[in-house]
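Student: File follows, my_file_34.cif with mmCIF, C-alpha atoms:
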```cif
data_entry
#
loop_
_atom_site.label_atom_id
_atom_site.label_comp_id
_atom_site.auth_asym_id
_atom_site.auth_seq_id
_atom_site.Cartn_x
_atom_site.Cartn_y
_atom_site.Cartn_z
CA MET A 1 81.11 -8.04 105.77
CA ASN A 2 80.04 -9.10 102.28
CA LEU A 3 77.86 -6.57 100.52
CA SER A 4 75.70 -7.83 97.70
CA LYS A 5 75.11 -5.76 94.57
CA LYS A 6 71.59 -5.09 95.82
CA ALA A 7 72.87 -3.80 99.17
CA ILE A 8 75.50 -1.62 97.48
CA GLY A 9 72.84 -0.23 95.15
CA LEU A 10 70.53 0.49 98.09
CA VAL A 11 73.27 2.26 100.06
CA THR A 12 74.26 4.26 96.97
CA GLY A 13 70.66 5.23 96.28
CA LEU A 14 70.00 6.33 99.87
CA ALA A 15 73.24 8.31 100.01
CA THR A 16 72.41 9.99 96.70
CA ILE A 17 68.94 10.93 97.94
CA ALA A 18 70.47 12.30 101.14
CA LEU A 19 72.99 14.39 99.20
CA VAL A 20 70.33 15.72 96.82
CA GLY A 21 68.06 16.52 99.78
CA LEU A 22 70.89 18.26 101.60
CA SER A 23 71.71 20.28 98.46
CA VAL A 24 68.06 21.35 98.10
CA VAL A 25 67.90 22.38 101.77
CA GLN A 26 71.13 24.33 101.40
CA LEU A 27 69.81 26.09 98.31
CA LYS A 28 66.61 27.02 100.16
CA ASN A 29 68.62 28.30 103.11
CA LEU A 30 70.83 30.28 100.75
CA ASN A 31 67.79 31.77 99.03
CA SER A 32 66.33 32.64 102.42
CA SER A 33 69.65 34.24 103.40
CA ILE A 34 69.65 36.33 100.21
CA GLU A 35 66.06 37.40 100.81
CA THR A 36 66.87 38.35 104.41
CA ASN A 37 69.88 40.38 103.30
CA LYS A 38 67.71 42.07 100.70
CA GLN A 39 65.20 43.09 103.37
CA ILE A 40 68.00 44.39 105.59
CA PHE A 41 69.39 46.35 102.65
CA LEU A 42 65.99 47.90 101.85
CA GLN A 43 65.44 48.82 105.50
CA LYS A 44 68.85 50.46 105.61
CA VAL A 45 68.06 52.32 102.39
CA ASP A 46 64.74 53.55 103.81
CA LEU A 47 66.51 54.79 106.95
CA CYS A 48 68.98 56.65 104.75
CA SER A 49 66.13 58.12 102.73
CA GLY A 50 64.44 59.44 105.87
CA MET A 51 67.67 60.99 107.08
CA ILE A 52 68.27 62.63 103.66
CA GLY A 53 64.76 64.15 103.82
CA GLU A 54 65.39 65.48 107.34
CA TYR A 55 68.72 67.06 106.40
CA PHE A 56 67.18 68.59 103.27
CA SER A 57 64.24 70.12 105.15
CA LYS A 58 66.59 71.64 107.75
CA THR A 59 68.39 73.60 105.03
CA PRO A 60 65.95 76.03 103.35
CA ASP A 61 68.48 76.95 100.66
CA TYR A 62 68.30 73.37 99.36
CA GLY A 63 64.60 73.77 98.52
CA THR A 64 65.15 77.08 96.74
CA LEU A 65 68.08 75.71 94.73
CA LEU A 66 66.12 72.61 93.81
CA HIS A 67 63.12 74.64 92.63
CA GLN A 68 65.34 76.90 90.53
CA ALA A 69 67.16 73.95 89.03
CA ALA A 70 63.83 72.28 88.19
CA LEU A 71 62.61 75.43 86.41
CA ARG A 72 65.81 75.61 84.35
CA VAL A 73 65.37 71.99 83.34
CA LYS A 74 61.79 72.64 82.26
CA GLU A 75 62.84 75.69 80.26
CA ASN A 76 66.09 74.44 78.71
CA GLY A 77 65.62 70.67 78.77
CA THR A 78 68.96 70.17 80.61
CA LEU A 79 70.57 71.24 83.87
CA ASN A 80 73.57 73.41 82.98
CA ASP A 81 74.23 74.55 86.54
CA LEU A 82 75.72 71.62 88.48
CA GLU A 83 75.47 73.28 91.92
CA MET A 84 72.30 71.38 92.84
CA ASP A 85 73.76 68.17 91.52
CA LYS A 86 76.85 68.63 93.71
CA LYS A 87 74.88 69.46 96.87
CA LEU A 88 72.49 66.49 96.46
CA ARG A 89 75.32 64.08 95.82
CA GLU A 90 77.29 65.36 98.85
CA LEU A 91 74.21 64.95 101.03
CA ILE A 92 73.51 61.43 99.74
CA ASP A 93 77.16 60.39 100.12
CA ASP A 94 77.36 61.64 103.73
CA VAL A 95 74.22 59.76 104.77
CA PHE A 96 75.21 56.55 102.95
CA LYS A 97 78.64 56.67 104.52
CA SER A 98 77.14 56.81 108.01
CA TYR A 99 75.20 53.59 107.22
CA SER A 100 78.13 51.92 105.43
CA LEU A 101 76.29 51.77 102.10
CA ASP A 102 79.23 51.72 99.75
CA LEU A 103 77.86 50.88 96.29
CA PRO A 104 77.25 52.82 93.06
CA TYR A 105 73.99 54.70 92.72
CA GLU A 106 72.08 57.10 90.48
CA TYR A 107 69.56 59.62 91.72
CA ALA A 108 66.62 61.43 90.15
CA VAL A 109 64.14 64.05 91.36
CA TYR A 110 60.45 63.54 90.63
CA GLN A 111 57.36 65.72 90.99
CA HIS A 112 53.72 64.78 91.30
CA ALA A 113 52.00 64.38 87.95
CA SER A 114 49.65 67.16 86.96
CA ASN A 115 46.77 64.76 87.48
CA ARG A 116 47.15 63.89 91.16
CA SER A 117 44.47 61.21 91.01
CA SER A 118 46.65 59.10 88.75
CA GLY A 119 49.25 58.79 91.50
CA GLY A 120 52.13 59.05 89.04
CA PHE A 121 55.35 61.06 89.22
CA ASN A 122 57.11 62.97 86.44
CA PHE A 123 60.88 63.07 86.06
CA VAL A 124 62.28 66.53 86.83
CA LEU A 125 66.08 66.23 86.97
CA GLY A 126 68.82 63.77 87.79
CA ASP A 127 72.54 63.51 88.37
CA SER A 128 74.91 64.21 85.50
CA GLY A 129 74.65 61.55 82.80
CA THR A 130 71.62 59.84 84.35
CA THR A 131 69.47 57.59 82.18
CA LEU A 132 66.55 57.59 84.63
CA ASP A 133 64.29 59.82 82.55
CA PHE A 134 60.99 57.97 82.99
CA GLU A 135 57.73 58.28 84.87
CA LEU A 136 57.08 56.41 88.11
CA GLU A 137 53.65 54.91 88.53
CA SER A 138 54.00 53.98 92.19
CA CYS A 139 56.43 54.23 95.06
CA GLU A 140 54.44 52.46 97.76
CA ASN A 141 56.31 49.15 97.88
CA PRO A 142 60.14 49.41 98.10
CA GLN A 143 60.51 45.83 96.78
CA GLU A 144 58.52 46.73 93.68
CA ARG A 145 60.04 50.13 93.01
CA GLY A 146 63.63 48.92 93.59
CA HIS A 147 64.89 52.30 94.80
CA SER A 148 64.88 54.55 97.82
CA TRP A 149 62.18 57.23 98.08
CA THR A 150 62.70 60.49 99.93
CA VAL A 151 60.26 63.36 100.51
CA LEU A 152 62.20 66.57 99.85
CA THR A 153 59.74 69.52 99.62
CA CYS A 154 56.38 67.86 99.07
CA SER A 155 53.56 69.81 100.78
CA ASN A 156 50.86 67.25 100.00
CA GLY A 157 49.34 69.46 97.33
CA VAL A 158 49.35 72.80 99.18
CA ASN A 159 52.12 74.16 97.01
CA GLY A 160 52.15 72.53 93.63
CA ASP A 161 55.55 73.97 92.80
CA GLY A 162 57.31 72.38 95.70
CA ASP A 163 56.20 68.73 95.76
CA TYR A 164 59.62 67.23 94.97
CA HIS A 165 60.76 63.70 95.80
CA LEU A 166 64.19 62.09 95.57
CA ALA A 167 64.67 58.56 94.24
CA VAL A 168 68.04 56.84 94.54
CA PHE A 169 68.58 53.83 92.27
CA PHE A 170 71.17 51.11 92.81
CA PRO A 171 72.18 49.41 89.51
CA SER A 172 74.26 46.80 91.36
CA GLN A 173 71.70 46.15 94.09
CA ASP A 174 71.26 42.43 93.30
CA ALA A 175 75.01 41.85 93.12
CA TYR A 176 75.50 43.72 96.42
CA VAL A 177 72.82 41.70 98.19
CA PHE A 178 74.17 38.47 96.74
CA ALA A 179 77.68 39.39 97.89
CA GLN A 180 76.39 39.68 101.46
CA SER A 181 75.50 35.97 101.25
CA SER A 182 78.66 34.93 99.39
CA GLY A 183 80.26 33.61 102.57
CA ALA A 184 77.37 31.24 103.22
CA LEU A 185 77.35 30.29 99.52
CA ILE A 186 81.05 29.46 99.48
CA LEU A 187 80.80 27.41 102.68
CA SER A 188 77.77 25.54 101.34
CA VAL A 189 79.52 24.72 98.08
CA VAL A 190 82.70 23.64 99.88
CA PHE A 191 80.85 21.35 102.30
CA ILE A 192 78.71 19.84 99.55
CA LEU A 193 81.81 19.21 97.44
CA LEU A 194 83.52 17.60 100.43
CA LEU A 195 80.52 15.36 100.96
CA LEU A 196 80.49 14.45 97.27
CA CYS A 197 84.21 13.63 97.35
CA CYS A 198 83.79 11.52 100.49
CA PHE A 199 80.78 9.80 98.95
CA ALA A 200 82.66 9.08 95.71
CA TYR A 201 85.68 7.82 97.66
CA THR A 202 83.44 5.57 99.75
CA LEU A 203 81.89 4.10 96.61
CA ILE A 204 85.33 3.49 95.12
CA VAL A 205 86.47 1.77 98.32
CA ILE A 206 83.33 -0.38 98.44
CA GLN A 207 83.78 -1.43 94.82
CA ARG A 208 87.47 -2.10 95.39
CA GLN A 209 86.77 -4.14 98.49
CA LYS A 210 84.12 -6.08 96.60
CA LYS A 211 86.61 -6.75 93.81
CA LEU A 212 89.31 -7.77 96.32
CA SER A 213 86.84 -10.11 97.99
CA VAL A 214 86.15 -11.83 94.67
CA ILE A 215 89.87 -11.97 93.88
CA LYS A 216 90.61 -13.37 97.33
CA ASN A 217 88.03 -16.13 96.91
CA ASP A 218 89.38 -17.00 93.44
CA PHE A 219 92.92 -17.04 94.79
CA ILE A 220 91.98 -19.35 97.66
CA ASN A 221 90.17 -21.69 95.26
CA ASN A 222 93.13 -21.78 92.88
CA LEU A 223 95.57 -22.16 95.75
CA THR A 224 93.56 -25.08 97.10
CA HIS A 225 93.50 -26.76 93.69
CA GLU A 226 97.18 -26.20 92.99
CA PHE A 227 98.21 -27.57 96.39
CA LYS A 228 95.64 -30.33 96.58
CA THR A 229 96.75 -32.15 93.41
CA PRO A 230 100.43 -32.65 94.34
CA ILE A 231 99.53 -33.40 97.96
CA ALA A 232 97.05 -36.04 96.83
CA SER A 233 99.64 -37.58 94.47
CA ILE A 234 102.27 -37.67 97.22
CA SER A 235 99.79 -39.18 99.68
CA LEU A 236 98.74 -41.84 97.16
CA ALA A 237 102.32 -42.80 96.31
CA THR A 238 103.23 -42.98 99.99
CA SER A 239 100.20 -45.18 100.73
CA MET A 240 101.12 -47.51 97.88
CA LEU A 241 104.66 -47.83 99.18
CA LYS A 242 103.42 -48.63 102.68
CA ARG A 243 100.80 -51.09 101.50
CA ASP A 244 103.06 -52.99 99.11
CA GLN A 245 106.19 -52.62 101.19
CA GLY A 246 107.16 -56.28 100.93
CA GLU A 247 105.91 -56.96 97.42
CA VAL A 248 106.83 -53.86 95.41
CA ASP A 249 109.80 -54.30 93.08
CA GLU A 250 112.55 -51.77 92.56
CA ARG A 251 111.02 -50.41 89.33
CA LYS A 252 107.72 -49.59 91.02
CA ARG A 253 109.52 -48.22 94.04
CA ALA A 254 111.54 -45.91 91.78
CA ASN A 255 108.34 -44.77 90.02
CA TYR A 256 106.64 -44.02 93.34
CA LEU A 257 109.67 -42.16 94.65
CA GLY A 258 110.01 -40.28 91.36
CA LEU A 259 106.35 -39.23 91.57
CA ILE A 260 106.82 -38.07 95.16
CA GLU A 261 109.93 -36.10 94.18
CA HIS A 262 108.22 -34.53 91.13
CA GLU A 263 105.11 -33.49 93.02
CA SER A 264 107.20 -32.20 95.93
CA LYS A 265 109.14 -29.94 93.55
CA ARG A 266 105.90 -28.84 91.96
CA LEU A 267 104.48 -27.97 95.37
CA GLU A 268 107.70 -26.18 96.30
CA GLY A 269 107.53 -24.17 93.06
CA GLN A 270 103.98 -23.02 93.83
CA VAL A 271 104.99 -21.96 97.35
CA ASP A 272 108.06 -20.13 96.01
CA LYS A 273 105.88 -18.24 93.52
CA VAL A 274 103.61 -16.97 96.29
CA LEU A 275 106.58 -16.10 98.50
CA GLN A 276 108.30 -14.23 95.66
CA ILE A 277 105.31 -11.94 95.17
CA ALA A 278 105.05 -11.43 98.94
CA MET A 279 108.73 -10.45 99.10
CA ILE A 280 108.38 -8.07 96.15
CA ASP A 281 105.33 -6.38 97.67
CA SER A 282 107.06 -5.99 101.02
CA GLY A 283 110.16 -4.53 99.35
CA SER A 284 112.42 -7.00 101.16
CA PHE A 285 113.84 -8.62 98.02
CA SER A 286 117.13 -7.69 96.39
CA LEU A 287 118.51 -8.36 92.94
CA ASN A 288 121.81 -10.15 92.50
CA LYS A 289 122.80 -8.43 89.29
CA LYS A 290 125.66 -9.54 87.13
CA GLN A 291 126.53 -9.59 83.45
CA LEU A 292 124.29 -12.10 81.70
CA ASP A 293 123.82 -13.18 78.12
CA VAL A 294 120.09 -12.92 77.38
CA HIS A 295 120.42 -15.42 74.53
CA GLU A 296 121.82 -18.04 76.91
CA ALA A 297 118.90 -17.47 79.32
CA ILE A 298 116.43 -17.90 76.44
CA ASP A 299 118.16 -21.10 75.30
CA LYS A 300 117.95 -22.46 78.85
CA VAL A 301 114.18 -21.86 79.03
CA VAL A 302 113.56 -23.33 75.56
CA GLU A 303 115.58 -26.43 76.48
CA SER A 304 113.68 -26.94 79.76
CA MET A 305 110.31 -26.64 78.01
CA GLY A 306 111.24 -28.72 74.98
CA LEU A 307 109.43 -31.85 76.14
CA VAL A 308 106.17 -30.01 76.78
CA VAL A 309 106.32 -28.28 73.40
CA ASN A 310 107.17 -31.49 71.54
CA LYS A 311 104.38 -33.36 73.32
CA ARG A 312 101.90 -30.87 71.84
CA LYS A 313 103.71 -31.07 68.46
CA GLY A 314 104.46 -27.36 68.67
CA GLU A 315 107.58 -25.32 68.04
CA ILE A 316 109.49 -22.40 69.50
CA LYS A 317 111.15 -20.34 66.78
CA LEU A 318 114.17 -18.29 67.82
CA ASN A 319 115.20 -15.08 66.08
CA LEU A 320 118.07 -13.96 68.26
CA ASN A 321 119.18 -10.95 66.23
CA ALA A 322 120.54 -8.72 68.99
CA THR A 323 124.24 -7.98 68.53
CA LYS A 324 124.68 -6.90 72.17
CA PRO A 325 122.82 -9.51 74.25
CA VAL A 326 124.72 -8.93 77.51
CA VAL A 327 122.89 -7.00 80.25
CA MET A 328 123.17 -6.48 84.00
CA ALA A 329 120.45 -8.68 85.50
CA ASP A 330 119.57 -11.24 88.14
CA GLU A 331 119.96 -14.65 86.48
CA THR A 332 117.21 -16.41 88.45
CA HIS A 333 114.63 -13.71 87.88
CA LEU A 334 115.56 -13.24 84.21
CA VAL A 335 115.05 -16.94 83.51
CA ASN A 336 111.79 -16.92 85.52
CA ILE A 337 110.46 -13.99 83.46
CA ILE A 338 111.07 -15.70 80.14
CA TYR A 339 109.79 -19.02 81.52
CA ASN A 340 106.55 -17.43 82.78
CA LEU A 341 105.80 -15.79 79.43
CA VAL A 342 106.53 -18.93 77.40
CA ASP A 343 104.54 -21.04 79.87
CA ASN A 344 101.55 -18.67 79.50
CA ALA A 345 101.86 -18.89 75.72
CA LEU A 346 101.54 -22.68 75.97
CA LYS A 347 98.70 -22.59 78.50
CA TYR A 348 96.53 -20.21 76.51
CA THR A 349 96.99 -21.80 73.09
CA ILE A 350 94.30 -24.26 72.01
CA ASP A 351 95.80 -25.30 68.67
CA VAL A 352 99.31 -26.50 68.01
CA PRO A 353 101.49 -23.89 69.78
CA LYS A 354 103.72 -21.76 67.60
CA ILE A 355 105.87 -19.45 69.68
CA SER A 356 108.50 -17.07 68.40
CA ILE A 357 111.15 -15.37 70.55
CA THR A 358 112.93 -12.44 68.92
CA THR A 359 115.68 -10.19 70.25
CA THR A 360 116.74 -6.89 68.70
CA ASP A 361 119.11 -4.09 69.61
CA GLY A 362 117.30 -1.26 71.39
CA ASP A 363 118.28 2.20 72.53
CA LYS A 364 120.85 1.52 75.27
CA GLY A 365 119.42 -1.94 75.86
CA ILE A 366 117.96 -5.09 74.38
CA GLU A 367 114.37 -5.74 73.30
CA ILE A 368 112.82 -9.18 73.62
CA SER A 369 109.60 -10.18 71.86
CA ILE A 370 107.64 -13.31 72.80
CA LYS A 371 104.78 -13.95 70.38
CA ASP A 372 102.23 -16.79 70.31
CA ASN A 373 99.17 -17.96 68.37
CA GLY A 374 96.97 -18.32 71.45
CA ILE A 375 93.44 -17.19 72.26
CA GLY A 376 94.52 -13.57 72.73
CA ILE A 377 93.47 -10.98 75.28
CA GLY A 378 90.64 -8.47 74.79
CA GLU A 379 91.48 -4.78 74.73
CA GLU A 380 89.07 -4.05 77.59
CA ILE A 381 91.04 -6.23 80.03
CA GLN A 382 94.60 -5.63 78.85
CA LYS A 383 95.02 -2.81 81.38
CA TYR A 384 94.31 -5.27 84.22
CA ILE A 385 96.45 -8.15 82.97
CA PHE A 386 99.48 -7.16 85.07
CA ASP A 387 97.47 -6.73 88.28
CA LYS A 388 98.18 -9.11 91.10
CA PHE A 389 95.77 -12.09 91.29
CA TYR A 390 94.02 -11.03 88.09
CA ARG A 391 93.18 -13.88 85.76
CA ALA A 392 91.52 -13.20 82.42
CA GLU A 393 88.59 -15.26 81.21
CA THR A 394 89.99 -18.05 79.06
CA GLY A 395 87.01 -18.79 76.82
CA ASN A 396 87.02 -22.48 75.93
CA VAL A 397 90.20 -23.16 77.87
CA HIS A 398 88.90 -24.67 81.12
CA ASN A 399 92.00 -26.53 82.28
CA VAL A 400 94.20 -23.48 82.93
CA LYS A 401 94.95 -23.06 86.60
CA GLY A 402 97.13 -20.64 88.47
CA PHE A 403 97.26 -17.87 91.05
CA GLY A 404 97.17 -14.89 88.70
CA LEU A 405 100.66 -13.94 89.94
CA GLY A 406 102.83 -14.67 86.90
CA LEU A 407 102.43 -11.46 84.89
CA SER A 408 102.39 -9.31 88.03
CA TYR A 409 105.71 -10.89 89.01
CA VAL A 410 107.11 -10.38 85.50
CA LYS A 411 106.25 -6.67 85.42
CA LYS A 412 107.58 -5.97 88.92
CA ILE A 413 110.91 -7.71 88.22
CA ILE A 414 111.36 -5.98 84.85
CA GLU A 415 110.67 -2.59 86.46
CA ALA A 416 113.14 -3.47 89.24
CA HIS A 417 115.70 -3.84 86.41
CA SER A 418 114.69 -0.34 85.15
CA GLY A 419 113.03 -1.90 82.11
CA TYR A 420 109.46 -2.14 80.88
CA ILE A 421 107.00 -4.55 79.29
CA ASN A 422 104.25 -3.92 76.71
CA LEU A 423 101.42 -6.10 75.49
CA SER A 424 99.86 -6.27 72.03
CA SER A 425 97.00 -8.72 71.62
CA LYS A 426 93.71 -9.40 69.84
CA ILE A 427 91.10 -12.06 70.48
CA ASN A 428 91.87 -15.30 68.57
CA GLN A 429 94.95 -13.67 67.01
CA GLY A 430 97.51 -14.39 69.69
CA SER A 431 99.53 -12.14 71.97
CA GLU A 432 102.92 -10.47 71.83
CA PHE A 433 104.86 -9.34 74.89
CA LYS A 434 107.72 -6.91 74.30
CA LEU A 435 110.35 -6.59 77.02
CA TYR A 436 113.14 -4.07 77.35
CA PHE A 437 116.24 -4.46 79.54
CA PRO A 438 118.88 -1.69 79.74
CA PHE A 439 122.56 -2.56 79.46
CA ALA A 440 123.45 -1.09 82.87
#
```
Could you render the structure from this file as structure tokens?
Tutor:
Amino acid sequence: MNLSKKAIGLVTGLATIALVGLSVVQLKNLNSSIETNKQIFLQKVDLCSGMIGEYFSKTPDYGTLLHQAALRVKENGTLNDLEMDKKLRELIDDVFKSYSLDLPYEYAVYQHASNRSSGGFNFVLGDSGTTLDFELESCENPQERGHSWTVLTCSNGVNGDGDYHLAVFFPSQDAYVFAQSSGALILSVVFILLLLCCFAYTLIVIQRQKKLSVIKNDFINNLTHEFKTPIASISLATSMLKRDQGEVDERKRANYLGLIEHESKRLEGQVDKVLQIAMIDSGSFSLNKKQLDVHEAIDKVVESMGLVVNKRKGEIKLNLNATKPVVMADETHLVNIIYNLVDNALKYTIDVPKISITTTDGDKGIEISIKDNGIGIGEEIQKYIFDKFYRAETGNVHNVKGFGLGLSYVKKIIEAHSGYINLSSKINQGSEFKLYFPFA
């Protein structure tokens, strides 16, 4: 199925909206979960507060000790006797333990303000080191006060000396409540990340398939052109031979047969190029390595391409400076590599071609440089130039045909020889390919 850019954009947009919507819903659900856990926590705290008040009222000594401790605080400003502090903390700890409330807390004891109509509460005493020395305006709403509230000895105004209340504060309350929802949070984040990864992967696959579709169409078009021309030439020469069978002289017959032979070899070469790449990709090819002189391989390519270069009034300059030109390589593939690079240099040069081939001694190998004065290759596409079927835009060069297999073949064969190839190029300043082959 061919997806247009508009269709891909629409699918991407809808998927993005769906992911954003899902994330918003998950955030709302998470917030609702946190709020629910907060309500459960406050209810549990209120139950604990009620139980603390019941235990306190059942032990008369607690009330007496509390009143005495409060008087000492009023007189001295501090609570020197820690007996009340110890008993209150033991009572609070026992009740919290029964309800599995295991988090830090601070407590303080408050008494009704002298002006009862104001509804406020004055700080009386707190646990050792407490910083909760402030007045409470209201304790009606647990969500607003943020602490538990326990009636200890309050007699609703009958005995003004005994109207004490206990407040237990939880400094880490928000963190505790949030931790109760951490499981849901982690799962939500994991699932959303998985969806994002799957979404990103799907987009990459769609873009890659789109690119492959374009490459496939270009390859088919180039393949058709490359095959059609020699087939047409062979068909024409054959028709001429049949038509003029009795009249054609030996010179014309030789020309026709020569054309048929030339175009047949050309067609065979194109087929071999496609088959070579197919064999390399399948991993079914093998190298027939032997000791070869790289300089001799270069000379062979230069000699075979001499007519083409001379026809364009160009030149191939050789700087064969390597002192150790012998490497272990497959002769056929080594010649094909050099031929492909020189052939590309000729194809993509508009002016008179000037090609230089240089060899130098490398580290445990030989380096080969093939430089031209062609149209060059832009930096933005150099990373794609060795991809299979990729063909760079050729600017004003409209007569360059091919399958986009040459450089892919070159790189794969060089790597099969444990070597490497690098490209240095700028637009309208030519290109330079540097090859490296190890000695062994």
Student: From the set A:Ile337, A:Phe191, A:Ala175, A:Val45, which residue has the shortest atom-to-atom contact distance to Gln26 in chain A, counting all atoms listed in the file?
Tutor: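 Closest to Gln26 in chain A of all the choices is A:Phe191.
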Student: Provide the CA of Glu379 in chain A to CA of Lys426 in chain A distance in Å, to one decimal place.
Tutor: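 A separation of 7.1 Å between them.
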Student: Of the candidates A:Arg89, A:Lys371, A:Lys38, A:His295, which one gets nearest to Val177 in chain A if we count all atoms listed in the file?
Tutor: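 The shortest atom-to-atom distance to Val177 in chain A comes from A:Lys38.
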Student: In Å, with one decimal, what is the gap from CA of Leu236 in chain A to CA of Tyr256 in chain A?
Tutor: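 Here the two named atoms are 9.0 Å from each other.
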Student: For a test of reading the model, state the distance in Å between CA of Val342 in chain A and CA of Gly314 in chain A, rounded to one decimal.
Tutor: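 Here the two named atoms are 12.3 Å from each other.
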Student: Using all atoms listed in the file, determine which residues lie at most 12 Å from Gln43 in chain A, disregarding the query and same-chain residues fewer than 4 positions distant; provide the list as a PyMOL selection string.
Tutor: chain A and resi 36-39+47-50+99+101+141-143+147-149
Student: Go ahead and save the picked residues with C-alpha atoms, as a PDB file, in the coordinates of the input.
Tutor:
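Listing of selection.pdb after writing:
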```pdb
ATOM      1  CA  THR A  36      66.870  38.350 104.410  1.00  0.00           C
ATOM      2  CA  ASN A  37      69.880  40.380 103.300  1.00  0.00           C
ATOM      3  CA  LYS A  38      67.710  42.070 100.700  1.00  0.00           C
ATOM      4  CA  GLN A  39      65.200  43.090 103.370  1.00  0.00           C
ATOM      5  CA  LEU A  47      66.510  54.790 106.950  1.00  0.00           C
ATOM      6  CA  CYS A  48      68.980  56.650 104.750  1.00  0.00           C
ATOM      7  CA  SER A  49      66.130  58.120 102.730  1.00  0.00           C
ATOM      8  CA  GLY A  50      64.440  59.440 105.870  1.00  0.00           C
ATOM      9  CA  TYR A  99      75.200  53.590 107.220  1.00  0.00           C
ATOM     10  CA  LEU A 101      76.290  51.770 102.100  1.00  0.00           C
ATOM     11  CA  ASN A 141      56.310  49.150  97.880  1.00  0.00           C
ATOM     12  CA  PRO A 142      60.140  49.410  98.100  1.00  0.00           C
ATOM     13  CA  GLN A 143      60.510  45.830  96.780  1.00  0.00           C
ATOM     14  CA  HIS A 147      64.890  52.300  94.800  1.00  0.00           C
ATOM     15  CA  SER A 148      64.880  54.550  97.820  1.00  0.00           C
ATOM     16  CA  TRP A 149      62.180  57.230  98.080  1.00  0.00           C
TER      17      TRP A 149
END
```
Student: Evaluate the PyMOL selection byres ((chain A and resi 354) around 10) here and jot the selected residues down as a list in words.
Tutor: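 Selected by the PyMOL selection byres ((chain A and resi 354) around 10) in this file: Val309, Lys313, Gly314, Glu315, Ile316, Lys317, Ala345, Leu346, Thr349, Asp351, Val352, Pro353, Ile355, Ser356, Lys371, Asp372, Asn373, Gly374 and Gly430 of chain A.
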Student: Nearest to Asp163 in chain A among A:His333, A:His67, A:Arg208, A:Arg72, with distances taken over all atoms listed in the file: which residue is it?
Tutor: A:His67
Student: Please, which residues are within 12 Å of (67.0, 68.1, 105.3) by the file's coordinates, counting all atoms listed in the file, and could they come as a list in words?
Tutor: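 Result, sorted by chain then residue number: Cys48, Ser49, Gly50, Met51, Ile52, Gly53, Glu54, Tyr55, Phe56, Ser57, Lys58, Thr59, Pro60, Asp61, Tyr62, Gly63, Lys87, Leu88, Leu91, Ile92, Val95, Thr150, Val151, Leu152, Thr153 and Leu166 of chain A.
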Student: Using only C-alpha atoms, pick whichever of A:Ser264, A:Ser424, A:Ser188, A:Ser235 has the shortest atom-to-atom distance to Asn31 in chain A.
Tutor: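 Of the candidates, the smallest distance to Asn31 in chain A is held by A:Ser188.
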Student: Apply the PyMOL selection byres ((chain A and resi 125) around 6) to the file shown and report the selected residues as a PyMOL selection string.
Tutor: chain A and resi 108-109+124+126
Student: Using only C-alpha atoms for the distances, tell me which of A:Val168, A:Ile381, A:Leu19, A:Leu66 is nearest to Cys197 in chain A.
Tutor: A:Leu19
Student: Could you check which of A:Ile192, A:Asp93, A:Glu261, A:Phe123 is closest to Ser23 in chain A, using only C-alpha atoms?
Tutor: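 Counting only C-alpha atoms, the residue closest to Ser23 in chain A is A:Ile192.
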